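J.: Sharing protein.cif (mmCIF, C-alpha atoms and all ligand atoms) below.
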data_work
#
loop_
_atom_site.group_PDB
_atom_site.id
_atom_site.type_symbol
_atom_site.label_atom_id
_atom_site.label_comp_id
_atom_site.auth_asym_id
_atom_site.auth_seq_id
_atom_site.Cartn_x
_atom_site.Cartn_y
_atom_site.Cartn_z
ATOM 1 C CA MET D 1 38.326 2.386 -34.611
ATOM 2 C CA GLY D 2 41.158 3.704 -32.556
ATOM 3 C CA SER D 3 43.271 5.498 -35.094
ATOM 4 C CA PRO D 4 42.683 9.216 -35.446
ATOM 5 C CA LEU D 5 40.909 10.706 -38.405
ATOM 6 C CA PRO D 6 43.091 11.715 -41.349
ATOM 7 C CA THR D 7 44.992 14.901 -40.684
ATOM 8 C CA TRP D 8 43.568 16.705 -43.689
ATOM 9 C CA LEU D 9 40.204 16.580 -41.992
ATOM 10 C CA LEU D 10 41.587 18.642 -39.193
ATOM 11 C CA GLY D 11 43.047 21.375 -41.377
ATOM 12 C CA PRO D 12 41.097 24.522 -42.113
ATOM 13 C CA ALA D 13 41.326 24.492 -45.897
ATOM 14 C CA LEU D 14 38.523 22.101 -46.703
ATOM 15 C CA LEU D 15 36.442 22.291 -43.629
ATOM 16 C CA VAL D 16 33.276 24.212 -44.052
ATOM 17 C CA GLY D 17 34.132 26.532 -41.248
ATOM 18 C CA SER D 18 31.860 29.300 -42.347
ATOM 19 C CA LEU D 19 28.875 27.030 -41.965
ATOM 20 C CA GLY D 20 29.703 26.221 -38.394
ATOM 21 C CA GLN D 21 27.785 23.550 -36.604
ATOM 22 C CA LEU D 22 25.307 22.114 -39.052
ATOM 23 C CA ALA D 23 23.210 19.994 -36.780
ATOM 24 C CA PRO D 24 20.084 22.130 -37.161
ATOM 25 C CA LEU D 25 21.033 23.279 -40.660
ATOM 26 C CA ALA D 26 20.806 20.155 -42.712
ATOM 27 C CA HIS D 27 20.250 22.071 -45.910
ATOM 28 C CA ALA D 28 22.878 24.749 -45.489
ATOM 29 C CA ALA D 29 25.435 22.947 -47.606
ATOM 30 C CA ASP D 30 22.895 22.280 -50.327
ATOM 31 C CA ALA D 31 21.687 25.845 -50.291
ATOM 32 C CA ALA D 32 25.173 27.093 -51.056
ATOM 33 C CA LEU D 33 25.169 25.213 -54.330
ATOM 34 C CA PRO D 34 23.444 25.883 -57.601
ATOM 35 C CA ALA D 35 20.097 24.190 -57.855
ATOM 36 C CA SER D 36 20.713 20.745 -59.182
ATOM 37 C CA ARG D 37 18.427 18.595 -61.237
ATOM 38 C CA ILE D 38 19.496 15.597 -59.235
ATOM 39 C CA GLN D 39 18.434 17.049 -55.954
ATOM 40 C CA ALA D 40 15.607 15.131 -54.421
ATOM 41 C CA PRO D 41 12.629 17.149 -53.253
ATOM 42 C CA ALA D 42 13.320 18.366 -49.767
ATOM 43 C CA LEU D 43 9.884 17.804 -48.347
ATOM 44 C CA ALA D 44 10.858 18.108 -44.736
ATOM 45 C CA GLY D 45 13.649 15.643 -45.348
ATOM 46 C CA PHE D 46 11.376 13.009 -46.822
ATOM 47 C CA ASP D 47 11.784 11.560 -50.293
ATOM 48 C CA PRO D 48 8.835 9.916 -52.080
ATOM 49 C CA ILE D 49 10.902 6.911 -53.144
ATOM 50 C CA THR D 50 13.549 6.442 -50.495
ATOM 51 C CA GLY D 51 11.763 7.834 -47.446
ATOM 52 C CA PRO D 52 13.398 9.876 -44.703
ATOM 53 C CA ARG D 53 16.775 11.456 -45.334
ATOM 54 C CA SER D 54 19.455 11.759 -42.709
ATOM 55 C CA ARG D 55 18.739 14.685 -40.413
ATOM 56 C CA LEU D 56 22.161 14.611 -38.875
ATOM 57 C CA GLY D 57 23.337 17.479 -41.009
ATOM 58 C CA ARG D 58 26.237 17.728 -43.354
ATOM 59 C CA ASP D 59 29.415 19.452 -42.186
ATOM 60 C CA TRP D 60 31.337 19.152 -45.434
ATOM 61 C CA ILE D 61 31.228 20.132 -49.077
ATOM 62 C CA GLY D 62 32.902 18.221 -51.881
ATOM 63 C CA ILE D 63 34.756 20.596 -54.174
ATOM 64 C CA ARG D 64 37.733 18.574 -55.356
ATOM 65 C CA PRO D 65 37.236 18.026 -59.086
ATOM 66 C CA VAL D 66 37.593 14.534 -60.490
ATOM 67 C CA ASP D 67 38.500 13.201 -63.913
ATOM 68 C CA PRO D 68 35.380 12.457 -66.012
ATOM 69 C CA ASP D 69 36.792 8.999 -66.687
ATOM 70 C CA THR D 70 37.392 8.154 -63.043
ATOM 71 C CA PRO D 71 36.827 4.398 -62.674
ATOM 72 C CA ILE D 72 33.957 3.671 -60.327
ATOM 73 C CA LEU D 73 33.771 0.482 -58.315
ATOM 74 C CA VAL D 74 30.375 -0.477 -56.900
ATOM 75 C CA LEU D 75 30.212 -2.758 -53.879
ATOM 76 C CA ALA D 76 27.225 -4.348 -52.142
ATOM 77 C CA GLY D 77 27.484 -3.598 -48.442
ATOM 78 C CA HIS D 78 27.788 -6.608 -46.089
ATOM 79 C CA ALA D 79 28.591 -9.004 -48.962
ATOM 80 C CA ASP D 80 31.421 -10.469 -46.881
ATOM 81 C CA SER D 81 29.878 -10.320 -43.423
ATOM 82 C CA GLN D 82 26.903 -12.676 -43.390
ATOM 83 C CA GLY D 83 26.247 -14.776 -40.321
ATOM 84 C CA MET D 84 28.349 -12.492 -38.151
ATOM 85 C CA ASN D 85 28.231 -9.069 -36.578
ATOM 86 C CA GLY D 86 27.575 -6.514 -39.269
ATOM 87 C CA ALA D 87 25.453 -8.672 -41.549
ATOM 88 C CA GLY D 88 23.230 -5.723 -42.389
ATOM 89 C CA THR D 89 19.675 -4.936 -41.424
ATOM 90 C CA SER D 90 17.007 -7.594 -41.660
ATOM 91 C CA GLY D 91 14.545 -4.990 -42.837
ATOM 92 C CA ALA D 92 11.230 -4.329 -41.156
ATOM 93 C CA ALA D 93 9.371 -7.013 -43.109
ATOM 94 C CA VAL D 94 11.557 -9.893 -41.938
ATOM 95 C CA ALA D 95 11.571 -8.513 -38.416
ATOM 96 C CA ALA D 96 7.772 -8.709 -38.565
ATOM 97 C CA GLY D 97 7.834 -12.326 -39.681
ATOM 98 C CA ALA D 98 8.020 -12.222 -43.485
ATOM 99 C CA PRO D 99 10.348 -14.701 -45.178
ATOM 100 C CA PRO D 100 13.724 -13.284 -46.147
ATOM 101 C CA MET D 101 14.207 -12.389 -49.797
ATOM 102 C CA PHE D 102 16.911 -15.041 -50.059
ATOM 103 C CA PRO D 103 17.784 -17.700 -47.479
ATOM 104 C CA GLY D 104 20.934 -17.207 -45.493
ATOM 105 C CA ILE D 105 21.539 -13.531 -46.217
ATOM 106 C CA SER D 106 20.136 -10.364 -44.747
ATOM 107 C CA ASP D 107 17.512 -8.567 -46.780
ATOM 108 C CA GLU D 108 19.833 -5.595 -46.803
ATOM 109 C CA LEU D 109 22.512 -7.566 -48.627
ATOM 110 C CA TYR D 110 19.903 -8.835 -51.066
ATOM 111 C CA TRP D 111 18.819 -5.310 -52.011
ATOM 112 C CA ASN D 112 22.371 -3.993 -51.881
ATOM 113 C CA MET D 113 23.291 -6.566 -54.537
ATOM 114 C CA VAL D 114 20.244 -5.870 -56.684
ATOM 115 C CA VAL D 115 20.840 -2.122 -56.621
ATOM 116 C CA ALA D 116 24.600 -2.472 -57.159
ATOM 117 C CA GLU D 117 24.033 -4.608 -60.221
ATOM 118 C CA ALA D 118 21.425 -2.212 -61.630
ATOM 119 C CA VAL D 119 23.786 0.725 -61.093
ATOM 120 C CA VAL D 120 26.600 -0.991 -62.976
ATOM 121 C CA THR D 121 24.312 -2.028 -65.838
ATOM 122 C CA LEU D 122 22.828 1.441 -66.199
ATOM 123 C CA GLY D 123 26.181 3.154 -65.727
ATOM 124 C CA ARG D 124 27.696 1.107 -68.528
ATOM 125 C CA GLN D 125 24.790 1.992 -70.789
ATOM 126 C CA ARG D 126 25.616 5.621 -70.072
ATOM 127 C CA GLY D 127 29.272 5.141 -70.903
ATOM 128 C CA LEU D 128 30.718 5.354 -67.399
ATOM 129 C CA ARG D 129 33.832 3.421 -66.440
ATOM 130 C CA ILE D 130 32.021 1.380 -63.838
ATOM 131 C CA SER D 131 32.353 -2.124 -62.497
ATOM 132 C CA SER D 132 31.473 -4.125 -59.434
ATOM 133 C CA TYR D 133 33.272 -6.422 -57.068
ATOM 134 C CA ARG D 134 31.796 -9.303 -55.138
ATOM 135 C CA PRO D 135 33.766 -11.108 -52.442
ATOM 136 C CA PRO D 136 34.238 -14.850 -53.048
ATOM 137 C CA PHE D 137 32.862 -15.752 -49.613
ATOM 138 C CA ARG D 138 29.903 -14.359 -47.745
ATOM 139 C CA THR D 139 31.624 -14.573 -44.383
ATOM 140 C CA ILE D 140 35.126 -13.197 -44.060
ATOM 141 C CA PRO D 141 35.703 -12.454 -40.386
ATOM 142 C CA ASP D 142 38.930 -10.512 -40.950
ATOM 143 C CA GLY D 143 37.950 -7.165 -42.463
ATOM 144 C CA ASN D 144 41.492 -6.725 -43.730
ATOM 145 C CA HIS D 145 41.563 -9.992 -45.627
ATOM 146 C CA PRO D 146 42.577 -9.111 -49.204
ATOM 147 C CA SER D 147 39.250 -10.216 -50.693
ATOM 148 C CA THR D 148 36.897 -8.150 -48.523
ATOM 149 C CA ASN D 149 34.968 -5.176 -49.831
ATOM 150 C CA TRP D 150 37.089 -3.022 -47.555
ATOM 151 C CA SER D 151 40.393 -4.230 -48.965
ATOM 152 C CA VAL D 152 39.385 -4.165 -52.614
ATOM 153 C CA GLY D 153 37.637 -0.818 -52.221
ATOM 154 C CA ARG D 154 40.611 0.656 -50.397
ATOM 155 C CA GLN D 155 42.916 -0.434 -53.186
ATOM 156 C CA HIS D 156 40.605 1.033 -55.812
ATOM 157 C CA ALA D 157 40.367 4.364 -54.008
ATOM 158 C CA ALA D 158 44.106 4.500 -53.351
ATOM 159 C CA SER D 159 44.779 4.136 -57.049
ATOM 160 C CA GLY D 160 42.557 7.094 -57.900
ATOM 161 C CA GLY D 161 39.204 5.418 -58.448
ATOM 162 C CA TYR D 162 35.920 6.014 -56.647
ATOM 163 C CA ALA D 163 34.685 3.143 -54.494
ATOM 164 C CA LEU D 164 30.972 3.253 -53.699
ATOM 165 C CA GLU D 165 29.396 0.766 -51.326
ATOM 166 C CA ILE D 166 25.601 0.452 -51.472
ATOM 167 C CA HIS D 167 23.659 0.138 -48.215
ATOM 168 C CA PHE D 168 20.156 0.314 -46.860
ATOM 169 C CA ASP D 169 19.812 1.758 -43.402
ATOM 170 C CA ALA D 170 18.279 -0.029 -40.444
ATOM 171 C CA TRP D 171 14.543 0.016 -39.961
ATOM 172 C CA GLY D 172 12.961 1.542 -36.875
ATOM 173 C CA PRO D 173 14.688 3.811 -34.404
ATOM 174 C CA ASP D 174 18.148 2.390 -35.132
ATOM 175 C CA GLY D 175 18.079 3.752 -38.670
ATOM 176 C CA ILE D 176 18.787 7.332 -39.617
ATOM 177 C CA GLY D 177 17.786 7.606 -43.243
ATOM 178 C CA SER D 178 19.283 8.048 -46.658
ATOM 179 C CA GLY D 179 22.509 9.847 -47.314
ATOM 180 C CA LEU D 180 26.155 9.615 -48.257
ATOM 181 C CA ILE D 181 28.830 8.867 -45.676
ATOM 182 C CA PRO D 182 31.816 10.298 -47.513
ATOM 183 C CA PRO D 183 35.220 8.663 -47.905
ATOM 184 C CA LEU D 184 37.922 10.144 -45.718
ATOM 185 C CA HIS D 185 41.136 9.304 -47.545
ATOM 186 C CA ARG D 186 41.240 12.510 -49.588
ATOM 187 C CA PRO D 187 39.496 15.879 -49.578
ATOM 188 C CA PHE D 188 35.841 15.522 -50.466
ATOM 189 C CA SER D 189 35.174 15.446 -54.189
ATOM 190 C CA SER D 190 32.502 16.516 -56.629
ATOM 191 C CA LEU D 191 31.336 12.884 -56.666
ATOM 192 C CA ASP D 192 30.762 12.981 -52.922
ATOM 193 C CA GLU D 193 28.954 16.261 -53.382
ATOM 194 C CA SER D 194 26.570 15.138 -56.105
ATOM 195 C CA LEU D 195 25.678 11.904 -54.313
ATOM 196 C CA ALA D 196 24.959 13.878 -51.150
ATOM 197 C CA ALA D 197 22.854 16.344 -53.120
ATOM 198 C CA ALA D 198 20.820 13.449 -54.493
ATOM 199 C CA PHE D 199 20.455 11.402 -51.304
ATOM 200 C CA GLY D 200 21.383 13.616 -48.381
ATOM 201 C CA GLY D 201 24.575 13.559 -46.379
ATOM 202 C CA PHE D 202 25.952 12.334 -43.090
ATOM 203 C CA PRO D 203 28.530 14.181 -40.981
ATOM 204 C CA MET D 204 32.078 13.465 -42.097
ATOM 205 C CA ALA D 205 33.030 11.783 -38.852
ATOM 206 C CA PHE D 206 29.824 9.766 -38.481
ATOM 207 C CA ARG D 207 30.276 7.293 -35.630
ATOM 208 C CA GLY D 208 33.883 8.331 -35.302
ATOM 209 C CA GLY D 209 34.632 7.425 -38.897
ATOM 210 C CA LEU D 210 33.461 4.014 -40.099
ATOM 211 C CA GLY D 211 35.746 1.287 -41.417
ATOM 212 C CA GLY D 212 34.763 1.821 -45.048
ATOM 213 C CA PRO D 213 35.147 5.612 -45.214
ATOM 214 C CA ARG D 214 38.458 5.440 -43.340
ATOM 215 C CA ARG D 215 39.690 3.198 -46.144
ATOM 216 C CA GLY D 216 38.476 5.574 -48.820
ATOM 217 C CA ILE D 217 35.124 3.929 -49.545
ATOM 218 C CA ALA D 218 31.964 6.019 -49.893
ATOM 219 C CA LEU D 219 28.941 4.497 -48.149
ATOM 220 C CA LEU D 220 25.596 5.312 -49.690
ATOM 221 C CA GLU D 221 22.592 4.691 -47.489
ATOM 222 C CA VAL D 222 19.787 4.415 -50.040
ATOM 223 C CA GLY D 223 17.098 4.580 -47.386
ATOM 224 C CA LYS D 224 15.725 2.823 -44.348
ATOM 225 C CA LEU D 225 14.628 -0.716 -45.168
ATOM 226 C CA GLU D 226 11.071 -0.234 -44.016
ATOM 227 C CA GLY D 227 7.784 1.349 -44.964
ATOM 228 C CA GLN D 228 6.939 2.378 -48.493
ATOM 229 C CA LEU D 229 10.470 1.856 -49.803
ATOM 230 C CA GLU D 230 10.633 -1.730 -48.597
ATOM 231 C CA ARG D 231 7.075 -2.453 -49.747
ATOM 232 C CA SER D 232 7.850 -1.087 -53.210
ATOM 233 C CA LEU D 233 10.929 -3.285 -53.425
ATOM 234 C CA ARG D 234 9.199 -6.412 -52.154
ATOM 235 C CA ASN D 235 6.099 -6.026 -54.310
ATOM 236 C CA PRO D 236 6.847 -7.791 -57.606
ATOM 237 C CA ALA D 237 4.573 -5.323 -59.398
ATOM 238 C CA THR D 238 6.672 -2.314 -58.405
ATOM 239 C CA ARG D 239 10.083 -3.877 -57.829
ATOM 240 C CA SER D 240 11.672 -3.198 -61.207
ATOM 241 C CA ASP D 241 10.556 0.402 -61.332
ATOM 242 C CA THR D 242 11.748 1.012 -57.801
ATOM 243 C CA VAL D 243 15.168 -0.528 -58.369
ATOM 244 C CA LEU D 244 15.479 1.377 -61.621
ATOM 245 C CA ALA D 245 14.508 4.688 -60.028
ATOM 246 C CA ILE D 246 17.150 4.205 -57.336
ATOM 247 C CA ALA D 247 19.806 3.184 -59.867
ATOM 248 C CA GLU D 248 18.838 6.084 -62.091
ATOM 249 C CA ARG D 249 19.324 8.541 -59.292
ATOM 250 C CA ILE D 250 22.698 7.087 -58.370
ATOM 251 C CA VAL D 251 23.990 6.990 -61.947
ATOM 252 C CA THR D 252 22.787 10.504 -62.664
ATOM 253 C CA ALA D 253 24.516 11.727 -59.526
ATOM 254 C CA LEU D 254 27.694 9.990 -60.678
ATOM 255 C CA GLU D 255 27.434 11.658 -64.079
ATOM 256 C CA VAL D 256 27.007 15.074 -62.512
ATOM 257 C CA GLY D 257 29.860 14.457 -60.094
ATOM 258 C CA LEU D 258 32.118 13.382 -62.927
ATOM 259 C CA GLY D 259 31.271 16.552 -64.814
ATOM 260 C CA ARG D 260 29.391 14.718 -67.536
ATOM 261 C CA SER D 261 25.988 15.701 -68.839
ATOM 262 C CA PRO D 262 23.316 13.436 -67.468
ATOM 263 C CA ALA D 263 21.891 11.342 -70.262
ATOM 264 C CA THR D 264 18.334 11.647 -69.063
ATOM 265 C CA ALA D 265 16.235 14.311 -67.488
ATOM 266 C CA MET D 266 14.216 11.977 -65.319
ATOM 267 C CA PRO D 267 16.371 11.005 -62.398
ATOM 268 C CA LEU D 268 13.600 11.073 -59.850
ATOM 269 C CA SER D 269 11.127 8.703 -61.397
ATOM 270 C CA PRO D 270 11.216 5.655 -63.603
ATOM 271 C CA PRO D 271 10.661 6.176 -67.316
ATOM 272 C CA PRO D 272 7.008 6.101 -68.396
ATOM 273 C CA GLY D 273 5.753 2.571 -68.508
ATOM 274 C CA GLY D 274 8.875 1.327 -66.811
ATOM 275 C CA VAL D 275 11.783 -0.263 -68.537
ATOM 276 C CA GLY D 276 11.776 -3.657 -66.977
ATOM 277 C CA SER D 277 15.436 -4.134 -67.724
ATOM 278 C CA ALA D 278 16.382 -4.502 -64.100
ATOM 279 C CA PRO D 279 15.131 -7.998 -63.382
ATOM 280 C CA PRO D 280 14.382 -8.505 -59.736
ATOM 281 C CA GLY D 281 16.906 -10.751 -58.120
ATOM 282 C CA LYS D 282 19.259 -10.615 -61.080
ATOM 283 C CA GLY D 283 21.905 -9.418 -58.663
ATOM 284 C CA LEU D 284 21.985 -12.814 -57.078
ATOM 285 C CA GLN D 285 22.721 -14.854 -60.137
ATOM 286 C CA ALA D 286 26.439 -14.491 -59.986
ATOM 287 C CA SER D 287 26.491 -15.465 -56.360
ATOM 288 C CA SER D 288 26.736 -19.117 -55.618
ATOM 289 C CA ALA D 289 24.926 -20.391 -52.603
ATOM 290 C CA ASP D 290 27.776 -22.573 -51.445
ATOM 291 C CA GLU D 291 30.798 -21.015 -49.872
HETATM 292 ZN ZN ZN V 301 24.524 -1.523 -44.335
#
Please rewrite the model in this file as structure tokens.
Ligand SMILES: [Zn+2]
T.:
Amino acid sequence: MGSPLPTWLLGPALLVGSLGQLAPLAHAADAALPASRIQAPALAGFDPITGPRSRLGRDWIGIRPVDPDTPILVLAGHADSQGMNGAGTSGAAVAAGAPPMFPGISDELYWNMVVAEAVVTLGRQRGLRISSYRPPFRTIPDGNHPSTNWSVGRQHAASGGYALEIHFDAWGPDGIGSGLIPPLHRPFSSLDESLAAAFGGFPMAFRGGLGGPRRGIALLEVGKLEGQLERSLRNPATRSDTVLAIAERIVTALEVGLGRSPATAMPLSPPPGGVGSAPPGKGLQASSADE
């Protein structure tokens, strides 16, 4: 906090001036665009898989084109901030007394890692230039340490890549819902646009501009970690399909944003019978428990 927002945000060229204040017009930006296959059903801002979408309204549109081979870096939110402020939401289940998905880390980080890994696996299958980064320690108090998500993501974005950090939003009244908090280092891009079309969007200066977006990192809130979404993730019978459906939606949005043709026409639901190739908890294997 403290430093002003980037100056390009203040210029008229890429602000959506004609849309004015969007607080009550959450769908105005979407409505200006061609109908997209990746757009989640707008049932009063509620998605059948990910639950409520952000109702804060979107005051931006991403129109800057990107190279179809833009390298994409996927980060699991809060992977370097366990046991400190900003560890991520516990989720409603743990708050109600359920055991955490994995000892010592927030349930949000657990699901962030699972989804991030599924996105990279699926993205590679689809031929995207996509990789992930995981910090070597789960607690790095200095956000500017060179091995944090922030630092590695900033570097990736500065060199022309797209850095996408996966999050789940807080349960209960503290959470807002699903949506993209766009990166602020450059004018908003077609990748920002397609992710926001698929998940919803937050205002560009959400909370005064968060640390990640100020460094050029897109924050994707998949959904509030509560209710049906959390139950579907926690239930071993529905976990794989749920993770896959989320990853599918993200990867398809990336394909659209990159100007590629989506490889599948079913972004909103898992393939019939499920695929089962997104093993629950696989995202944790590369993470050692000792730090
Ligand atoms: Zn988070």
J.: Dump as a list in words all residues having an atom at most 9 Å from (21.1, -9.0, -52.9), computed in the file's coordinates with all atoms listed in the file.
T.: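 These residues have at least one counted atom within 9 Å: Ala76, Ala79, Met101, Phe102, Ile105, Ser106, Asp107, Glu108, Leu109, Tyr110, Trp111, Asn112, Met113, Val114, Val115, Ala116, Gly281, Lys282, Gly283 and Leu284 of chain D.
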J.: Any chance you could export the current selection's C-alpha atoms as a PDB file, in the frame of the given file?
T.:
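This went into again_16.pdb:
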ATOM      1  CA  ALA D  76      27.225  -4.348 -52.142  1.00  0.00           C
ATOM      2  CA  ALA D  79      28.591  -9.004 -48.962  1.00  0.00           C
ATOM      3  CA  MET D 101      14.207 -12.389 -49.797  1.00  0.00           C
ATOM      4  CA  PHE D 102      16.911 -15.041 -50.059  1.00  0.00           C
ATOM      5  CA  ILE D 105      21.539 -13.531 -46.217  1.00  0.00           C
ATOM      6  CA  SER D 106      20.136 -10.364 -44.747  1.00  0.00           C
ATOM      7  CA  ASP D 107      17.512  -8.567 -46.780  1.00  0.00           C
ATOM      8  CA  GLU D 108      19.833  -5.595 -46.803  1.00  0.00           C
ATOM      9  CA  LEU D 109      22.512  -7.566 -48.627  1.00  0.00           C
ATOM     10  CA  TYR D 110      19.903  -8.835 -51.066  1.00  0.00           C
ATOM     11  CA  TRP D 111      18.819  -5.310 -52.011  1.00  0.00           C
ATOM     12  CA  ASN D 112      22.371  -3.993 -51.881  1.00  0.00           C
ATOM     13  CA  MET D 113      23.291  -6.566 -54.537  1.00  0.00           C
ATOM     14  CA  VAL D 114      20.244  -5.870 -56.684  1.00  0.00           C
ATOM     15  CA  VAL D 115      20.840  -2.122 -56.621  1.00  0.00           C
ATOM     16  CA  ALA D 116      24.600  -2.472 -57.159  1.00  0.00           C
ATOM     17  CA  GLY D 281      16.906 -10.751 -58.120  1.00  0.00           C
ATOM     18  CA  LYS D 282      19.259 -10.615 -61.080  1.00  0.00           C
ATOM     19  CA  GLY D 283      21.905  -9.418 -58.663  1.00  0.00           C
ATOM     20  CA  LEU D 284      21.985 -12.814 -57.078  1.00  0.00           C
TER      21      LEU D 284
END
J.: I need the residue nearest ligand ZN 301 (chain V) from this list: D:Ala245, D:Ala170, D:Leu191, D:Leu229. Use all atoms listed in the file for the distance.
T.: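 Comparing D:Ala245, D:Ala170, D:Leu191, D:Leu229 against ligand ZN 301 (chain V), the winner is D:Ala170.
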J.: Sorted by chain and rising residue number, list the residues of chain D at most 7 Å from ligand ZN 301 (chain V) (counting only C-alpha atoms and all ligand atoms), each with its closest atom pair and distance in Å to one decimal, as a tab-separated table.
T.:
residue	atom	partner	partner_atom	distance
D:Gly77	CA	V:ZN301	ZN	5.5
D:His78	CA	V:ZN301	ZN	6.3
D:Gly88	CA	V:ZN301	ZN	4.8
D:Thr89	CA	V:ZN301	ZN	6.6
D:Glu108	CA	V:ZN301	ZN	6.7
D:His167	CA	V:ZN301	ZN	4.3
D:Phe168	CA	V:ZN301	ZN	5.4
D:Asp169	CA	V:ZN301	ZN	5.8
J.: If you keep C-alpha atoms, can you produce a file of those selected residues as a PDB file, keeping the file's coordinate frame?
T.:
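Just written: selection_39.pdb:
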ATOM      1  CA  GLY D  77      27.484  -3.598 -48.442  1.00  0.00           C
ATOM      2  CA  HIS D  78      27.788  -6.608 -46.089  1.00  0.00           C
ATOM      3  CA  GLY D  88      23.230  -5.723 -42.389  1.00  0.00           C
ATOM      4  CA  THR D  89      19.675  -4.936 -41.424  1.00  0.00           C
ATOM      5  CA  GLU D 108      19.833  -5.595 -46.803  1.00  0.00           C
ATOM      6  CA  HIS D 167      23.659   0.138 -48.215  1.00  0.00           C
ATOM      7  CA  PHE D 168      20.156   0.314 -46.860  1.00  0.00           C
ATOM      8  CA  ASP D 169      19.812   1.758 -43.402  1.00  0.00           C
TER       9      ASP D 169
END
J.: Could you check how far atom CA of D:Leu180 sits from atom CA of D:Ile130, in Å to one decimal?
T.: 18.6 Å
J.: Determine, counting all atoms listed in the file, which protein, DNA and RNA residues have an atom within 8 Å of an atom of stretch 211-228 of chain D; residues of the same chain fewer than 5 positions away are not included. Present the result as a PyMOL selection string.
T.: chain D and resi 1+5+49-53+89+91-93+108+150-151+153-154+157-158+162-172+175-186+192+199+246
J.: Tell me which of D:Val94, D:Ile61, D:Leu56, D:Val74 sits closest to D:Asn149, counting only C-alpha atoms.
T.: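 Of D:Val94, D:Ile61, D:Leu56, D:Val74, the one nearest D:Asn149, counting only C-alpha atoms, is D:Val74.
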J.: As an exercise, work out the distance from atom CA of D:Leu75 to atom CA of D:Thr121 in Å and give it to one decimal place.
T.: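 Distance reported for this atom pair: 13.4 Å.
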J.: Please determine, counting all atoms listed in the file, which residue among D:Arg249, D:Arg138, D:His156, D:His145 has the shortest atom-to-atom distance to D:Pro71.
T.: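 Between D:Arg249, D:Arg138, D:His156, D:His145, the residue approaching D:Pro71 most closely is D:His156.
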J.: Draw an axis-aligned box tight on the listed atoms of stretch 54-73 of chain D, then pad every side by 4 Å and write out centre and edge lengths in Å to one decimal as JSON.
T.:
{"center_x": 28.6, "center_y": 10.5, "center_z": -52.8, "size_x": 27.8, "size_y": 28.1, "size_z": 35.8}
J.: Which residue gives the smallest distance to D:Gly259 among D:Ser131, D:Ser159, D:Thr70, D:Thr242, with only C-alpha atoms counted?
T.: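 Once distances to D:Gly259 are computed over only C-alpha atoms, the minimum belongs to D:Thr70.
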J.: When you draw a straight line from atom CA of D:Pro262 to atom CA of D:Gly160, how long is it in Å?
T.: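 Interatomic distance, atom CA of D:Pro262 to atom CA of D:Gly160: 22.4 Å.
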J.: Between D:Arg129, D:Gly123, D:Ser54, D:Ala253, which one has atoms that come closest to D:Gly161, using all atoms listed in the file?
T.: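 Looking at the shortest contact to D:Gly161, the residue is D:Arg129.
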